[in-house]
Amino acid sequence: MIQYKEVELPILSIVTGAAGELGQDVCRRLLDEGHNVLAILRPGGRKLREFNLPVPVTSIEIDFSNTPSLEDLKAAIESSVRLDRFKKINIVHTAGSFSKEKLPCSQSHLDMWQRMFNIHCVSLYGLVNVLLPYLSKIRQGCIVGVSSNLVSRVNMGTTAYIASKAALEATIKQLAYELGYLNIRCNCIAPGYFPSGLSEGLSKEKQNDLVNNTPLRRIATIEDIGNAILGLLSDHTGWVTGQIITVDGGNTIGF
Ligand SMILES: NC(=O)c1ccc[n+]([C@@H]2O[C@H](COP(=O)([O-])OP(=O)(O)OC[C@H]3O[C@@H](n4cnc5c(N)ncnc54)[C@H](OP(=O)(O)O)[C@@H]3O)[C@@H](O)[C@H]2O)c1
């Protein structure tokens with residue numbers, strides 16, 4: 001059970017993909033800002049104890065590729081955290097998976113399509129469903145999804161990934177519309193390439209091309225991407241909802 005912090009505004013941030021490169025960075029910085037963090041990890045995947053987080057973090061393991069029932073999801077979350085103790089609840093959905101198959105759409109596999117949609121989009125539906133009764137009472141929260149700047153272009157071999165991220169973006173916009181009256185802001189970031197396990201394998205030559213086609217003339221750091229998430233969670237963006245914020249150094253403006 002999470003040991004929540006007695007601060008003026010106890011905030012719970014639920015982070016999916018928390019052991020990922022981006023997820024870790026976001027967890028660390030949320031902890032620094034005084035948030036309570038519930039980390040959602042992939043069963044059999046990386047564990048938080050492998051990382052040097054400033055305080056111990058409560059974690060649960062959920063495989064989003066095999067969509068859990070809403071009952072199981074609710075039980076897993078409610079047994080690890082007293083949701084009624086918080087005055088603000090955020091969801092930061094960084095969990096993601098990328099198929100390295102690189103098959104054209106017509107040859108790609110059905111189970112991969114299902115996996116992509118489950119991990120990127122259906123998972124968020126489940127989390128919102130479980131948390132909504134609490135969010136409805138406290139009327140303070142933010143949802144931030146992590147899409148990709150690939151959604152705005154065509155790219156051979158990644159249709160299921162791109163389509164499922166597009167579905168995530170659409171879901172976030174719908175949620176912004178539906179939950180606005182509860183003071184729940186819902187936004188997405190759409191990062192470009194940043195170095196991580198998920199994106200490994202981009203050749204030096206392709207990285208140089210990327211730098212040359214990016215107005216800010218460098219490769220993103222994880223912190224660049226985390227900054228955008230932290231910004232969307234903060235009160236400085238209190239009037240921003242239903243937006244997809246591209247975070248790619250300007251790469252997609254067609255420079
Ligand atoms: N890196 C890029 O260039 C790039 C660009 C645009 C968008 N993105 C998006 O950014 C987000 C973070 O990615 P990253 O680059 O930080 O990669 P990452 O390190 O691989 O992080 C992805 C996280 O998602 C988790 N995950 C994967 N499958 C899961 C499942 N079935 N159930 C639950 N969790 C699962 C992973 O678990 P494990 O730790 O156990 O593997 C990992 O913690 C992703 O949504 C990705 O699509 C990345």
# chains A, B, ... in the order shown; residues from 1 in each chain; ligands from 1
>>> residues_near_ligand(ligand="ligand 1", cutoff="6 Å", atoms="only C-alpha atoms and all ligand atoms", output="ChimeraX atom specification")
/A:17-22,41-42,45-46,62-65,94-97,119,146-148,191-199
>>> select_by_dssp(residues="segment 61-239 of chain A", states="helix (DSSP H, G or I)", output="ChimeraX atom specification")
/A:70-78,83-85,105-107,110-138,149-152,159-182,204-212,222-233,235-237
>>> residues_around(residues="segment 240-249 of chain A", least_positions_apart="2", cutoff="10 Å", atoms="only C-alpha atoms", output="number ranges by chain")
A: 142-149, 152, 169-177, 180, 183-194, 211, 213-220, 224-229, 232, 235-238, 251-253
>>> write_last_selection(atoms="C-alpha atoms", output="PDB file, in the first residue's frame")
ATOM      1  CA  CYS A 142      -4.640  15.611 -15.769  1.00  0.00           C
ATOM      2  CA  ILE A 143      -4.259  12.881 -18.326  1.00  0.00           C
ATOM      3  CA  VAL A 144      -1.206  12.953 -20.574  1.00  0.00           C
ATOM      4  CA  GLY A 145      -0.791  10.410 -23.348  1.00  0.00           C
ATOM      5  CA  VAL A 146       2.402   9.772 -25.292  1.00  0.00           C
ATOM      6  CA  SER A 147       1.797   9.458 -29.012  1.00  0.00           C
ATOM      7  CA  SER A 148       4.393   9.915 -31.771  1.00  0.00           C
ATOM      8  CA  ASN A 149       5.124  12.487 -34.453  1.00  0.00           C
ATOM      9  CA  SER A 152       1.386  12.977 -38.953  1.00  0.00           C
ATOM     10  CA  GLU A 169      -4.783  10.891 -29.782  1.00  0.00           C
ATOM     11  CA  ALA A 170      -8.458  10.690 -30.746  1.00  0.00           C
ATOM     12  CA  THR A 171      -9.325   9.117 -27.403  1.00  0.00           C
ATOM     13  CA  ILE A 172      -7.505  11.898 -25.547  1.00  0.00           C
ATOM     14  CA  LYS A 173      -9.449  14.552 -27.459  1.00  0.00           C
ATOM     15  CA  GLN A 174     -12.754  12.826 -26.743  1.00  0.00           C
ATOM     16  CA  LEU A 175     -11.835  12.538 -23.057  1.00  0.00           C
ATOM     17  CA  ALA A 176     -10.973  16.243 -22.974  1.00  0.00           C
ATOM     18  CA  TYR A 177     -14.450  16.959 -24.324  1.00  0.00           C
ATOM     19  CA  GLY A 180     -13.705  19.037 -19.066  1.00  0.00           C
ATOM     20  CA  ASN A 183     -11.795  19.986 -14.443  1.00  0.00           C
ATOM     21  CA  ILE A 184      -9.853  17.066 -15.894  1.00  0.00           C
ATOM     22  CA  ARG A 185      -7.446  18.199 -18.595  1.00  0.00           C
ATOM     23  CA  CYS A 186      -6.460  15.654 -21.239  1.00  0.00           C
ATOM     24  CA  ASN A 187      -3.590  16.181 -23.641  1.00  0.00           C
ATOM     25  CA  CYS A 188      -1.089  14.203 -25.643  1.00  0.00           C
ATOM     26  CA  ILE A 189       2.497  14.771 -26.595  1.00  0.00           C
ATOM     27  CA  ALA A 190       3.731  13.529 -29.946  1.00  0.00           C
ATOM     28  CA  PRO A 191       7.503  13.160 -29.639  1.00  0.00           C
ATOM     29  CA  GLY A 192       9.922  12.678 -32.457  1.00  0.00           C
ATOM     30  CA  TYR A 193      12.858  10.291 -32.175  1.00  0.00           C
ATOM     31  CA  PHE A 194      14.675  10.185 -28.847  1.00  0.00           C
ATOM     32  CA  VAL A 211      19.608  16.476 -37.135  1.00  0.00           C
ATOM     33  CA  ASN A 213      16.109  18.112 -40.936  1.00  0.00           C
ATOM     34  CA  THR A 214      15.391  19.439 -37.472  1.00  0.00           C
ATOM     35  CA  PRO A 215      15.309  23.215 -36.987  1.00  0.00           C
ATOM     36  CA  LEU A 216      16.793  22.952 -33.486  1.00  0.00           C
ATOM     37  CA  ARG A 217      19.656  20.901 -35.024  1.00  0.00           C
ATOM     38  CA  ARG A 218      20.098  18.103 -32.522  1.00  0.00           C
ATOM     39  CA  ILE A 219      18.665  14.795 -31.329  1.00  0.00           C
ATOM     40  CA  ALA A 220      16.184  15.057 -28.451  1.00  0.00           C
ATOM     41  CA  ASP A 224      13.274  17.284 -23.617  1.00  0.00           C
ATOM     42  CA  ILE A 225      10.343  14.897 -23.821  1.00  0.00           C
ATOM     43  CA  GLY A 226       9.802  14.679 -20.054  1.00  0.00           C
ATOM     44  CA  ASN A 227       9.738  18.489 -19.874  1.00  0.00           C
ATOM     45  CA  ALA A 228       6.697  18.573 -22.146  1.00  0.00           C
ATOM     46  CA  ILE A 229       4.876  16.029 -19.977  1.00  0.00           C
ATOM     47  CA  LEU A 232       1.188  19.613 -19.373  1.00  0.00           C
ATOM     48  CA  ASP A 235      -0.854  24.625 -13.588  1.00  0.00           C
ATOM     49  CA  HIS A 236       1.068  26.726 -16.119  1.00  0.00           C
ATOM     50  CA  THR A 237      -0.948  24.899 -18.787  1.00  0.00           C
ATOM     51  CA  GLY A 238      -4.185  25.076 -16.825  1.00  0.00           C
ATOM     52  CA  ASN A 251      11.090  18.234 -37.363  1.00  0.00           C
ATOM     53  CA  THR A 252       7.524  17.840 -38.646  1.00  0.00           C
ATOM     54  CA  ILE A 253       7.125  21.407 -39.930  1.00  0.00           C
TER      55      ILE A 253
END
>>> residues_around(residues="segment 50-60 of chain A", least_positions_apart="4", cutoff="12 Å", atoms="only C-alpha atoms", output="ChimeraX atom specification")
/A:1-5,12-21,23-46,72-82
>>> residues_around(residues="Met116 of chain A", least_positions_apart="2", cutoff="8 Å", atoms="only C-alpha atoms", output="list in words")
Ser65, Ser97, Phe98, Met112, Trp113, Gln114, Asn118, Ile119, His120, Cys121, Ala160, Tyr161 and Ser164 of chain A
>>> closest_residue(among="A:Tyr125, A:Gly254, A:Ile162, A:Phe117", to="Asn212 of chain A", atoms="only C-alpha atoms")
A:Gly254
>>> select_by_dssp(residues="segment 31-129 of chain A", states="strand (DSSP E)", output="list in words")
Asn36, Val37, Leu38, Ala39, Ile40, Leu41, Thr58, Ser59, Ile60, Glu61, Lys88, Ile89, Asn90, Ile91, Val92 and His93 of chain A
>>> write_last_selection(atoms="C-alpha atoms", output="CSV table (one decimal), in the first residue's frame")
chain,number,residue,atom,x,y,z
A,36,ASN,CA,3.0,10.3,-5.0
A,37,VAL,CA,3.7,7.9,-7.8
A,38,LEU,CA,2.0,4.6,-8.6
A,39,ALA,CA,4.2,2.9,-11.2
A,40,ILE,CA,2.6,0.4,-13.6
A,41,LEU,CA,5.2,-2.1,-15.0
A,58,THR,CA,4.8,1.5,-5.2
A,59,SER,CA,4.4,-0.5,-8.3
A,60,ILE,CA,1.9,-2.9,-9.8
A,61,GLU,CA,2.4,-5.2,-12.8
A,88,LYS,CA,-5.6,15.4,-7.6
A,89,ILE,CA,-5.0,12.3,-9.7
A,90,ASN,CA,-3.0,12.3,-12.9
A,91,ILE,CA,-2.5,9.6,-15.5
A,92,VAL,CA,0.8,9.7,-17.5
A,93,HIS,CA,0.5,7.0,-20.1
